[in-house]
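Asks: Provided below: coords04.cif, containing mmCIF, C-alpha atoms.
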```cif
data_target
loop_
_atom_site.label_atom_id
_atom_site.label_comp_id
_atom_site.auth_asym_id
_atom_site.auth_seq_id
_atom_site.Cartn_x
_atom_site.Cartn_y
_atom_site.Cartn_z
CA MET A 235 0.00 0.00 0.00
CA PRO A 236 1.47 3.42 -0.95
CA THR A 237 2.19 5.78 1.92
CA THR A 238 -0.42 8.54 2.34
CA SER A 239 0.79 12.09 2.83
CA HIS A 240 -0.81 14.79 4.93
CA THR A 241 -2.75 17.47 3.09
CA HIS A 242 -0.66 20.42 1.92
CA SER A 243 -1.21 22.62 4.99
CA TYR A 244 0.83 24.95 7.14
CA TYR A 245 0.50 22.42 9.94
CA ALA A 246 1.97 19.58 7.88
CA ALA A 247 4.81 21.80 6.64
CA SER A 248 5.72 22.81 10.22
CA ALA A 249 5.14 19.43 11.91
CA ASN A 250 7.69 18.53 14.57
CA ASP A 251 7.56 14.80 13.81
CA LYS A 252 7.49 13.59 10.23
CA THR A 253 8.20 9.94 11.11
CA VAL A 254 6.09 7.43 9.18
CA ARG A 255 4.87 4.62 11.44
CA PRO A 256 4.80 1.08 10.03
CA THR A 257 1.83 -0.58 8.35
CA LEU A 258 0.20 -3.46 10.23
CA LYS A 259 1.27 -6.79 8.80
CA GLY A 260 0.09 -10.02 10.37
CA HIS A 261 -1.79 -10.69 13.60
CA ALA A 262 -1.60 -8.47 16.68
CA ARG A 263 -3.18 -8.78 20.12
CA ALA A 264 -4.22 -5.91 22.39
CA ASP A 265 -6.35 -5.08 25.37
CA VAL A 266 -7.84 -2.23 23.33
CA CYS A 267 -7.71 -1.58 19.60
CA VAL A 268 -8.32 2.07 18.71
CA ILE A 269 -9.36 2.88 15.14
CA GLY A 270 -8.33 6.42 14.24
CA ALA A 271 -5.28 8.42 15.34
CA GLY A 272 -6.98 11.75 15.86
CA PHE A 273 -7.75 13.52 19.13
CA THR A 274 -10.45 11.06 20.24
CA GLY A 275 -8.27 8.05 19.52
CA MET A 276 -5.10 9.54 20.99
CA SER A 277 -6.80 10.84 24.13
CA THR A 278 -8.39 7.44 24.75
CA ALA A 279 -5.18 5.56 23.98
CA LEU A 280 -3.12 7.82 26.23
CA HIS A 281 -5.55 7.62 29.15
CA LEU A 282 -5.57 3.81 28.85
CA ALA A 283 -1.81 3.49 28.40
CA GLU A 284 -1.34 5.56 31.55
CA LYS A 285 -3.35 2.86 33.37
CA GLY A 286 -1.22 0.05 31.99
CA PHE A 287 -3.45 -1.15 29.15
CA ASN A 288 -1.88 -2.68 26.06
CA VAL A 289 -3.15 -0.41 23.26
CA VAL A 290 -2.83 -0.78 19.49
CA VAL A 291 -3.92 2.15 17.28
CA LEU A 292 -4.84 1.67 13.62
CA GLU A 293 -4.69 4.78 11.46
CA GLY A 294 -5.89 4.58 7.88
CA SER A 295 -3.64 7.39 6.72
CA ARG A 296 -1.30 9.39 8.95
CA ILE A 297 -1.57 10.50 12.58
CA GLY A 298 -3.78 13.60 12.59
CA PHE A 299 -4.65 13.19 8.90
CA GLY A 300 -8.29 14.23 9.42
CA ALA A 301 -9.86 17.10 11.34
CA SER A 302 -7.50 16.75 14.31
CA GLY A 303 -4.55 17.83 12.18
CA ARG A 304 -6.33 20.39 10.00
CA ASN A 305 -8.57 22.45 12.28
CA GLY A 306 -8.38 26.04 13.47
CA GLY A 307 -6.44 25.09 16.58
CA GLN A 308 -8.73 26.85 19.07
CA ILE A 309 -9.63 25.67 22.57
CA VAL A 310 -13.37 26.38 22.78
CA ASN A 311 -15.25 25.07 25.81
CA SER A 312 -18.66 23.38 26.00
CA TYR A 313 -20.36 21.76 23.00
CA SER A 314 -21.67 22.83 19.61
CA ARG A 315 -25.08 23.02 21.29
CA ASP A 316 -24.65 24.77 24.62
CA ILE A 317 -25.77 23.61 28.04
CA ASP A 318 -29.07 25.52 28.00
CA PHE A 319 -30.14 23.66 24.85
CA ILE A 320 -29.31 20.36 26.54
CA GLU A 321 -31.29 21.33 29.64
CA ARG A 322 -34.36 22.33 27.61
CA ASN A 323 -34.38 19.24 25.42
CA TYR A 324 -33.07 16.48 27.68
CA GLY A 325 -33.80 17.64 31.20
CA GLU A 326 -32.05 19.48 34.00
CA LYS A 327 -30.26 16.37 35.30
CA VAL A 328 -28.62 15.63 31.93
CA GLY A 329 -27.85 19.32 31.52
CA ALA A 330 -26.20 19.46 34.93
CA GLU A 331 -24.12 16.33 34.23
CA MET A 332 -22.96 17.60 30.86
CA GLY A 333 -22.40 21.04 32.34
CA GLN A 334 -19.97 19.51 34.83
CA MET A 335 -18.01 18.00 31.93
CA ALA A 336 -18.21 20.96 29.56
CA PHE A 337 -14.95 22.58 30.65
CA GLU A 338 -12.87 19.49 31.36
CA GLY A 339 -11.48 18.85 27.89
CA GLY A 340 -9.28 21.92 27.88
CA ARG A 341 -7.78 20.92 31.22
CA ILE A 342 -7.00 17.44 29.88
CA LEU A 343 -5.35 18.96 26.82
CA ARG A 344 -3.18 21.23 28.95
CA ARG A 345 -2.19 18.33 31.20
CA PHE A 346 -0.97 16.36 28.21
CA VAL A 347 1.02 19.34 26.93
CA LYS A 348 2.67 19.92 30.30
CA GLN A 349 3.21 16.32 31.39
CA TYR A 350 4.63 15.12 28.08
CA ASP A 351 6.38 18.38 27.12
CA ILE A 352 4.49 18.69 23.83
CA GLN A 353 5.77 21.59 21.74
CA CYS A 354 2.64 22.94 20.04
CA ASP A 355 2.77 26.75 20.46
CA LEU A 356 0.08 26.73 23.16
CA LYS A 357 -1.16 30.26 23.93
CA GLU A 358 -3.87 31.40 26.33
CA GLY A 359 -7.19 33.20 25.85
CA GLY A 360 -10.02 32.79 23.33
CA ILE A 361 -12.54 35.44 22.25
CA PHE A 362 -16.12 35.13 21.01
CA ALA A 363 -16.78 38.26 18.90
CA SER A 364 -20.27 39.62 18.27
CA CYS A 365 -21.14 41.07 14.87
CA ASN A 366 -24.35 42.78 16.02
CA ASN A 367 -26.18 43.73 19.19
CA LYS A 368 -28.30 40.59 19.21
CA GLN A 369 -25.16 38.46 19.25
CA PHE A 370 -23.67 40.55 22.05
CA ASP A 371 -26.83 39.96 24.11
CA GLY A 372 -26.27 36.26 23.47
CA LEU A 373 -22.75 36.54 24.89
CA VAL A 374 -24.13 38.17 28.03
CA GLU A 375 -26.40 35.14 28.42
CA LYS A 376 -23.56 32.72 27.67
CA LYS A 377 -21.51 34.26 30.48
CA LYS A 378 -24.39 33.80 32.92
CA LEU A 379 -24.97 30.22 31.74
CA TRP A 380 -21.35 29.13 32.01
CA GLU A 381 -20.90 30.81 35.39
CA ALA A 382 -23.99 28.96 36.65
CA HIS A 383 -22.11 25.76 35.82
CA GLY A 384 -18.98 26.81 37.67
CA HIS A 385 -16.93 28.41 34.89
CA ASP A 386 -15.73 31.80 36.13
CA GLN A 387 -12.86 32.72 33.79
CA LEU A 388 -14.97 34.96 31.57
CA GLU A 389 -14.88 38.69 30.82
CA LEU A 390 -17.30 40.72 28.71
CA LEU A 391 -15.80 43.21 26.27
CA ASP A 392 -17.83 46.16 25.04
CA GLU A 393 -17.31 47.75 21.63
CA ASN A 394 -14.38 49.81 22.87
CA ALA A 395 -12.77 47.07 24.95
CA ILE A 396 -12.69 44.53 22.12
CA ARG A 397 -10.53 46.94 20.08
CA GLN A 398 -7.75 46.26 22.60
CA TYR A 399 -7.83 42.61 21.49
CA VAL A 400 -8.90 42.69 17.83
CA GLY A 401 -7.88 45.41 15.40
CA SER A 402 -11.09 45.33 13.36
CA GLU A 403 -14.18 47.49 13.02
CA ARG A 404 -16.47 44.48 12.53
CA TYR A 405 -17.36 43.72 16.11
CA THR A 406 -19.84 45.22 18.55
CA GLY A 407 -18.27 43.47 21.53
CA GLY A 408 -17.05 40.13 22.74
CA LEU A 409 -16.56 37.63 25.52
CA ILE A 410 -13.06 36.48 26.42
CA ASP A 411 -12.66 33.05 27.93
CA HIS A 412 -9.34 33.14 29.75
CA SER A 413 -9.33 29.34 29.85
CA GLY A 414 -9.60 29.23 26.06
CA GLY A 415 -6.57 29.41 23.85
CA HIS A 416 -4.91 28.18 20.69
CA PHE A 417 -2.17 25.87 19.49
CA HIS A 418 -0.70 23.93 16.56
CA PRO A 419 -3.16 21.01 16.33
CA LEU A 420 -1.06 18.60 14.28
CA ASN A 421 1.89 19.01 16.63
CA LEU A 422 -0.42 18.38 19.58
CA VAL A 423 -1.79 15.10 18.22
CA LEU A 424 1.70 14.01 17.14
CA GLY A 425 2.94 14.76 20.65
CA GLU A 426 0.10 12.76 22.15
CA ALA A 427 0.98 9.87 19.82
CA ALA A 428 4.60 10.00 20.99
CA ALA A 429 3.34 9.92 24.58
CA VAL A 430 1.26 6.81 23.83
CA GLU A 431 4.32 5.14 22.32
CA SER A 432 6.48 6.11 25.31
CA LEU A 433 4.06 4.11 27.48
CA GLY A 434 4.21 1.01 25.30
CA GLY A 435 1.35 1.70 22.89
CA ILE A 436 1.80 0.79 19.23
CA ILE A 437 0.54 2.92 16.34
CA TYR A 438 0.21 1.63 12.77
CA GLU A 439 -0.27 4.12 9.94
CA ASN A 440 -1.56 3.45 6.42
CA SER A 441 -3.57 0.62 7.97
CA PRO A 442 -7.26 1.35 7.36
CA ALA A 443 -9.72 -0.87 9.20
CA LEU A 444 -11.78 -2.70 6.58
CA ARG A 445 -14.16 -4.66 8.79
CA ILE A 446 -14.77 -5.60 12.40
CA ARG A 447 -15.68 -9.15 13.37
CA GLU A 448 -17.92 -8.74 16.38
CA GLY A 449 -17.83 -11.17 19.28
CA ASN A 450 -16.43 -11.79 22.74
CA LYS A 451 -12.97 -10.92 21.36
CA PRO A 452 -13.63 -8.60 18.41
CA VAL A 453 -11.15 -8.65 15.55
CA VAL A 454 -10.34 -5.63 13.40
CA HIS A 455 -9.17 -6.57 9.91
CA THR A 456 -6.90 -4.45 7.70
CA GLU A 457 -5.60 -5.20 4.22
CA GLU A 458 -2.49 -6.99 5.50
CA GLY A 459 -3.31 -7.98 9.06
CA CYS A 460 -5.70 -7.96 11.98
CA VAL A 461 -5.90 -6.99 15.65
CA GLU A 462 -7.71 -9.14 18.21
CA ALA A 463 -8.73 -7.17 21.30
CA ASP A 464 -10.94 -7.21 24.35
CA TYR A 465 -12.33 -3.80 23.38
CA VAL A 466 -12.45 -1.74 20.22
CA LEU A 467 -12.93 2.02 19.89
CA VAL A 468 -14.09 3.33 16.53
CA ALA A 469 -12.88 6.94 16.35
CA GLY A 470 -12.63 7.62 12.62
CA ASN A 471 -15.29 10.35 12.70
CA ALA A 472 -15.71 11.74 9.14
CA TYR A 473 -13.20 9.27 7.69
CA LEU A 474 -14.79 5.90 8.50
CA ASN A 475 -15.46 5.08 4.83
CA GLY A 476 -18.38 2.76 5.57
CA LEU A 477 -16.74 0.76 8.37
CA LEU A 478 -19.91 0.94 10.50
CA PRO A 479 -22.79 1.45 8.03
CA LYS A 480 -25.35 1.72 10.85
CA LEU A 481 -23.75 5.03 11.88
CA GLU A 482 -23.71 6.62 8.43
CA SER A 483 -27.28 7.93 8.46
CA LYS A 484 -26.72 9.61 11.83
CA ALA A 485 -24.25 12.24 10.62
CA ILE A 486 -22.97 13.92 7.47
CA PRO A 487 -19.41 14.95 6.63
CA CYS A 488 -18.80 18.65 6.13
CA GLY A 489 -15.75 20.57 5.00
CA THR A 490 -14.26 23.76 6.38
CA GLN A 491 -11.56 25.84 4.75
CA ILE A 492 -8.45 27.55 6.14
CA ILE A 493 -5.75 29.80 4.73
CA THR A 494 -2.41 30.87 6.19
CA THR A 495 -0.56 34.01 5.18
CA GLU A 496 3.14 34.59 4.98
CA PRO A 497 4.74 35.65 8.30
CA LEU A 498 3.55 39.15 9.17
CA ALA A 499 5.68 41.99 10.43
CA GLU A 500 5.63 42.50 14.20
CA ASN A 501 3.95 45.91 13.94
CA VAL A 502 1.18 44.39 11.78
CA ARG A 503 0.60 41.56 14.25
CA GLN A 504 0.41 44.10 17.09
CA ARG A 505 -2.29 46.05 15.29
CA LEU A 506 -4.39 43.05 14.30
CA LEU A 507 -4.21 40.82 17.41
CA PRO A 508 -2.23 42.78 20.00
CA LYS A 509 -2.71 40.26 22.81
CA ASP A 510 -2.27 37.20 20.57
CA ASN A 511 -5.65 35.65 21.38
CA CYS A 512 -7.68 33.48 19.05
CA VAL A 513 -11.09 34.70 17.86
CA GLU A 514 -14.27 33.20 16.51
CA ASP A 515 -17.35 35.24 15.64
CA CYS A 516 -20.91 34.39 16.64
CA ASN A 517 -22.38 33.76 13.20
CA TYR A 518 -23.95 30.39 12.37
CA LEU A 519 -21.40 30.00 9.55
CA LEU A 520 -18.63 31.50 11.60
CA ASP A 521 -15.18 32.89 10.86
CA TYR A 522 -12.25 32.00 13.12
CA PHE A 523 -8.69 33.29 13.18
CA ARG A 524 -5.48 33.56 15.14
CA LEU A 525 -1.73 34.03 14.77
CA SER A 526 0.58 31.06 14.36
CA GLY A 527 3.69 30.56 16.44
CA ASP A 528 5.78 32.16 13.70
CA GLY A 529 3.45 35.15 13.20
CA ARG A 530 1.21 34.12 10.29
CA MET A 531 -2.49 34.87 10.16
CA ILE A 532 -4.45 31.61 10.16
CA TYR A 533 -7.99 32.36 8.98
CA GLY A 534 -10.83 29.90 8.45
CA GLY A 535 -14.54 29.75 7.86
CA GLY A 536 -17.36 28.52 5.75
CA VAL A 537 -18.85 25.04 5.42
CA THR A 538 -19.26 22.79 2.41
CA TYR A 539 -21.94 20.18 3.12
CA GLY A 540 -21.10 16.71 1.95
CA ALA A 541 -17.38 17.44 2.34
CA ARG A 542 -16.85 18.29 -1.33
CA GLU A 543 -13.50 19.91 -2.08
CA PRO A 544 -13.77 23.55 -3.25
CA GLU A 545 -11.75 24.26 -6.36
CA LYS A 546 -9.97 27.24 -4.83
CA VAL A 547 -10.06 27.70 -1.07
CA GLU A 548 -8.49 31.16 -1.30
CA SER A 549 -11.43 32.54 -3.26
CA LEU A 550 -13.77 31.55 -0.41
CA ILE A 551 -11.68 32.65 2.57
CA VAL A 552 -9.57 35.65 1.47
CA PRO A 553 -12.67 37.92 1.10
CA LYS A 554 -13.72 36.96 4.64
CA MET A 555 -10.25 37.78 5.98
CA LEU A 556 -10.14 41.13 4.18
CA LYS A 557 -13.58 42.04 5.51
CA THR A 558 -12.14 41.61 9.00
CA PHE A 559 -8.63 42.90 8.31
CA PRO A 560 -8.48 45.13 5.18
CA GLU A 561 -4.84 45.79 6.06
CA LEU A 562 -3.95 42.28 4.88
CA LYS A 563 -4.81 43.08 1.26
CA GLY A 564 -1.84 41.92 -0.79
CA ALA A 565 -0.49 39.58 1.91
CA LYS A 566 0.80 36.41 0.31
CA ILE A 567 -1.20 33.25 1.02
CA ASP A 568 1.33 30.48 1.63
CA TYR A 569 -1.09 27.64 2.42
CA ALA A 570 -4.77 26.85 1.81
CA TRP A 571 -6.55 23.62 2.64
CA THR A 572 -9.82 22.00 3.61
CA GLY A 573 -10.72 19.27 6.07
CA ASN A 574 -13.77 17.26 7.00
CA PHE A 575 -15.68 17.19 10.26
CA LEU A 576 -18.86 15.27 11.08
CA LEU A 577 -22.14 17.06 11.70
CA THR A 578 -25.03 15.47 13.63
CA LEU A 579 -28.65 16.53 13.37
CA MET A 580 -28.77 17.82 16.95
CA ARG A 581 -25.15 19.10 16.76
CA LEU A 582 -24.24 17.02 19.80
CA PRO A 583 -21.60 14.27 19.83
CA GLN A 584 -22.68 10.65 19.47
CA PHE A 585 -21.23 8.05 21.84
CA GLY A 586 -22.32 4.44 21.99
CA ARG A 587 -21.52 0.73 22.27
CA ILE A 588 -22.08 -2.19 19.94
CA ASP A 589 -22.27 -5.63 21.59
CA GLY A 590 -20.92 -4.16 24.83
CA ASN A 591 -17.26 -4.14 23.79
CA ILE A 592 -17.12 -2.00 20.62
CA TYR A 593 -17.29 1.69 21.49
CA TYR A 594 -17.70 4.62 19.13
CA ALA A 595 -17.52 8.39 19.42
CA GLN A 596 -18.21 10.78 16.56
CA GLY A 597 -20.01 13.90 15.38
CA TYR A 598 -18.55 16.79 17.37
CA SER A 599 -20.11 19.12 14.81
CA GLY A 600 -17.23 21.55 14.46
CA HIS A 601 -16.66 21.82 18.20
CA GLY A 602 -14.36 18.91 18.78
CA ILE A 603 -11.04 19.95 20.24
CA THR A 604 -12.08 20.00 23.88
CA CYS A 605 -14.82 17.37 23.60
CA THR A 606 -12.53 14.84 21.91
CA HIS A 607 -10.08 15.10 24.79
CA LEU A 608 -12.95 14.71 27.25
CA ALA A 609 -14.18 11.72 25.22
CA GLY A 610 -10.86 9.97 25.70
CA LYS A 611 -11.18 10.23 29.46
CA VAL A 612 -14.86 9.23 29.50
CA ILE A 613 -14.35 6.22 27.20
CA SER A 614 -11.26 5.01 29.05
CA ASP A 615 -13.19 5.21 32.32
CA ALA A 616 -16.04 3.20 30.78
CA ILE A 617 -13.65 0.48 29.62
CA GLN A 618 -12.37 0.33 33.19
CA GLY A 619 -15.92 -0.17 34.51
CA GLN A 620 -16.82 3.42 35.41
CA ALA A 621 -19.40 4.13 32.74
CA GLU A 622 -21.67 6.69 34.40
CA ARG A 623 -20.38 9.66 32.41
CA PHE A 624 -20.17 7.70 29.16
CA ASP A 625 -23.80 6.68 29.61
CA ILE A 626 -24.86 10.33 29.87
CA PHE A 627 -23.52 10.92 26.35
CA ALA A 628 -24.71 7.56 25.05
CA GLY A 629 -28.22 8.32 26.32
CA LEU A 630 -28.63 11.34 24.04
CA PRO A 631 -30.92 10.56 21.08
CA GLN A 632 -29.07 9.88 17.82
CA TYR A 633 -31.41 10.90 15.02
CA SER A 634 -30.93 10.26 11.34
CA PHE A 635 -30.97 13.22 9.00
CA PRO A 636 -34.28 13.70 7.16
CA GLY A 637 -34.42 13.18 3.43
CA GLY A 638 -32.36 9.99 3.18
CA ARG A 639 -29.04 9.79 1.36
CA ALA A 640 -30.24 11.89 -1.59
CA MET A 641 -31.73 14.86 0.26
CA ARG A 642 -30.01 15.13 3.63
CA ILE A 643 -27.16 17.31 2.33
CA PRO A 644 -29.26 19.84 0.33
CA LEU A 645 -31.80 20.09 3.17
CA THR A 646 -29.01 20.79 5.67
CA ALA A 647 -27.50 23.38 3.35
CA MET A 648 -30.88 25.11 3.05
CA GLY A 649 -31.15 25.29 6.84
CA ALA A 650 -27.65 26.76 7.09
CA TRP A 651 -28.56 29.35 4.43
CA TYR A 652 -31.56 30.41 6.53
CA TYR A 653 -29.52 30.88 9.70
CA ASN A 654 -26.78 32.66 7.79
CA LEU A 655 -29.36 35.09 6.39
CA ARG A 656 -30.58 35.80 9.93
CA ASP A 657 -27.01 36.59 10.96
CA GLN A 658 -26.60 38.99 8.06
CA LEU A 659 -29.85 40.77 8.99
CA GLY A 660 -29.04 40.74 12.71
CA ILE A 661 -32.32 39.08 13.67
#
```
The structure given in the file should be rewritten as structure tokens.
Replies:
Amino acid sequence: MPTTSHTHSYYAASANDKTVRPTLKGHARADVCVIGAGFTGMSTALHLAEKGFNVVVLEGSRIGFGASGRNGGQIVNSYSRDIDFIERNYGEKVGAEMGQMAFEGGRILRRFVKQYDIQCDLKEGGIFASCNNKQFDGLVEKKKLWEAHGHDQLELLDENAIRQYVGSERYTGGLIDHSGGHFHPLNLVLGEAAAVESLGGIIYENSPALRIREGNKPVVHTEEGCVEADYVLVAGNAYLNGLLPKLESKAIPCGTQIITTEPLAENVRQRLLPKDNCVEDCNYLLDYFRLSGDGRMIYGGGVTYGAREPEKVESLIVPKMLKTFPELKGAKIDYAWTGNFLLTLMRLPQFGRIDGNIYYAQGYSGHGITCTHLAGKVISDAIQGQAERFDIFAGLPQYSFPGGRAMRIPLTAMGAWYYNLRDQLGI
């Protein structure tokens, strides 16, 4: 099998570890076989390896090949649907339980970085920026909601105060989460993989799982080998390629696009993001941006439903960047790429078990960095017999998208168009 390369991104070009792990050949035995070497898989594998489990990870391409190595690199707490939505739809008890977990993923991430000395340009502080007064009112409510669930590292920014953080005229205000932050995502997941290996875990790349034989000792088959395990975790998210057909109707792959400029002069960086925070706006189809460790503007946004590849990412994202920062007109774009994430109907992650010993976690709906790290802890606890928190997630309804295979993508795109129009009108 030919070796797969990472997408042509700034992250891949600046990766700390370009080692290619071997392909699985022959039979292997493990306590736990993890399918997918992204954040969910690595967090689970690392939590289990820390407890002495023998872990084998199968990656179909390269470590961090999917969303975990391509995303905006922002630590954003809670879930794609916030805690108030969960309380209204699933009850106060479920809301309280998920509220207790909503801010844990970022702490897990930081522990990994510190404990395993992962060099990933970690910087503190994330900003939600409002584009109109209605969105600012929503940030006031978000602050109250999060503080009611014990998160007190928040600060509202009025229209004047946000100028001290973001050199743009677009925003009416903002909310800074001092426990948010940003980092180089591919270097983080590569560092987590190295930590797994330091504890005895084995990672195989270019070894896509083709089928799973269910049973008391499930077996995961690849093209040239297989892994027999006591437990299996399926963590391929948008890159499962039909491995578990029963999950396919429950989520749709979507693409998001990112560009990276050439390194910017220090005085330009000071004008645009003087405190070096990351930012995302409050639109339904949001923009997100930050500075890289070497002073580039990383700017992303937009969604393509069905994960189709746009012909020219720059034509979609550069106008968004210039709307926010007209000063960057003429800045050279060194990298542009797209990556797939998995969207669920309710925009909440989907956890579950098959036959009691095959676990899955997917569908973070564009809000995965913190929740994937939380998932690793929750799943590892469940494998060790402490399943209470896993069962909270697994108990959330997992609806199929309406319209079947033919209509689910256009119907979802129509809904996104409606919400985007509301954002533009400020209603």
Asks: Within 6 Å of Leu388 (chain A), counting only C-alpha atoms, which residues qualify if same-chain residues fewer than 2 places away don't, as JSON, numbers by chain?
Replies: {"A": [386, 410, 411]}
Asks: Could you turn the residues from that selection into a file that holds C-alpha atoms, as a PDB file, in the coordinates of the input?
Replies:
```pdb
ATOM      1  CA  ASP A 386     -15.730  31.800  36.130  1.00  0.00           C
ATOM      2  CA  ILE A 410     -13.060  36.480  26.420  1.00  0.00           C
ATOM      3  CA  ASP A 411     -12.660  33.050  27.930  1.00  0.00           C
TER       4      ASP A 411
END
```
Asks: Quick one: distance from CA of Gln353 (chain A) to CA of Phe417 (chain A) in Å, one decimal?
Replies: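 Going from CA of Gln353 (chain A) over to CA of Phe417 (chain A) covers 9.3 Å.
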Asks: Which residue gives the smallest distance to Asp351 (chain A) among A:Val547, A:Ala428, A:Tyr465, A:Leu507, with all atoms listed in the file counted?
Replies: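 Of all the options, A:Ala428 lies closest to Asp351 (chain A).
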Asks: What separation in Å, quoted to one decimal, exists between CA of Thr274 (chain A) and CA of Gln596 (chain A)?
Replies: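 It comes out at 8.6 Å.
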Asks: Find the distance between CA of Ile617 (chain A) and CA of Ala469 (chain A) and write it in Å to one decimal.
Replies: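 If I compute the distance from CA of Ile617 (chain A) to CA of Ala469 (chain A), I get 14.8 Å.
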Asks: So that I can check the surroundings of Arg345 (chain A), please list as a list in words every protein, DNA and RNA residue that reaches within 12 Å of it, counting all atoms listed in the file and ignoring chain neighbours fewer than 4 positions away.
Replies: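 Contacts, in chain order: Ser277, Leu280, His281, Glu338, Gly339, Gly340, Arg341, Gln349, Tyr350, Asp351, Ile352, Leu356, Leu422, Glu426 and His607 of chain A.
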Asks: Have a look at A:Glu403, A:Arg344, A:Glu439, A:Leu390 and name the one nearest to Thr237 (chain A); count only C-alpha atoms.
Replies: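 Using only C-alpha atoms, Thr237 (chain A) sits closest to A:Glu439.
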Asks: Mind listing as a ChimeraX atom specification all residues within 10 Å of (-10.0, 40.2, 7.1), counting all atoms listed in the file?
Replies: /A:402,404,506,521,523,531,533,551-563
Asks: What's around Leu579 (chain A) at 7 Å? Count only C-alpha atoms, leave out sequence neighbours fewer than 5 positions away in its own chain, and write the answer as a list in words.
Replies: Ala485, Tyr633, Ser634 and Phe635 of chain A
Asks: With all atoms listed in the file as the basis for distance, which of A:Ser614, A:Asn394, A:Thr538, A:Ser483 is at the shortest distance from Tyr593 (chain A)?
Replies: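 Between A:Ser614, A:Asn394, A:Thr538, A:Ser483, the residue approaching Tyr593 (chain A) most closely is A:Ser614.
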Asks: Report as a PyMOL selection string all protein, DNA and RNA residues lying within 12 Å of Ala336 (chain A), evaluated on all atoms listed in the file, omitting residues in the same chain fewer than 2 positions from it.
Replies: chain A and resi 310-318+320+328-334+338-342+379-381+383-385+601-609+623+627
Asks: For Val502 (chain A), which residue out of A:Gly529, A:Lys259, A:Thr578, A:Glu482 is the nearest one, using only C-alpha atoms?
Replies: A:Gly529
Asks: If the PyMOL selection byres ((chain A and resi 460) around 9) is run on the structure shown, which residues does it catch, given as JSON, numbers by chain?
Replies: {"A": [258, 259, 260, 261, 262, 263, 443, 453, 454, 455, 456, 457, 458, 459, 461, 462]}
Asks: Between A:Tyr438, A:Tyr473, A:Tyr594, A:Phe585, which one has atoms that come closest to Leu292 (chain A), using all atoms listed in the file?
Replies: A:Tyr438
Asks: Which residues match the PyMOL selection byres ((chain A and resi 252) around 12) in the file above, as a short mmCIF file (atom, residue, chain, number, x, y, z; two decimals) with C-alpha atoms, in the frame of the given file?
Replies:
```cif
data_model
loop_
_atom_site.label_atom_id
_atom_site.label_comp_id
_atom_site.auth_asym_id
_atom_site.auth_seq_id
_atom_site.Cartn_x
_atom_site.Cartn_y
_atom_site.Cartn_z
CA SER A 239 0.79 12.09 2.83
CA HIS A 240 -0.81 14.79 4.93
CA TYR A 245 0.50 22.42 9.94
CA ALA A 246 1.97 19.58 7.88
CA ALA A 247 4.81 21.80 6.64
CA SER A 248 5.72 22.81 10.22
CA ALA A 249 5.14 19.43 11.91
CA ASN A 250 7.69 18.53 14.57
CA ASP A 251 7.56 14.80 13.81
CA THR A 253 8.20 9.94 11.11
CA VAL A 254 6.09 7.43 9.18
CA ARG A 255 4.87 4.62 11.44
CA ARG A 296 -1.30 9.39 8.95
CA ILE A 297 -1.57 10.50 12.58
CA GLY A 298 -3.78 13.60 12.59
CA LEU A 420 -1.06 18.60 14.28
CA ASN A 421 1.89 19.01 16.63
CA LEU A 424 1.70 14.01 17.14
CA GLY A 425 2.94 14.76 20.65
CA ALA A 428 4.60 10.00 20.99
#
```
Asks: Determine the nearest neighbour of Gln369 (chain A) from the options A:Leu474, A:Met335, A:Ile486, A:Leu409, counting all atoms listed in the file.
Replies: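 The shortest atom-to-atom distance to Gln369 (chain A) comes from A:Leu409.
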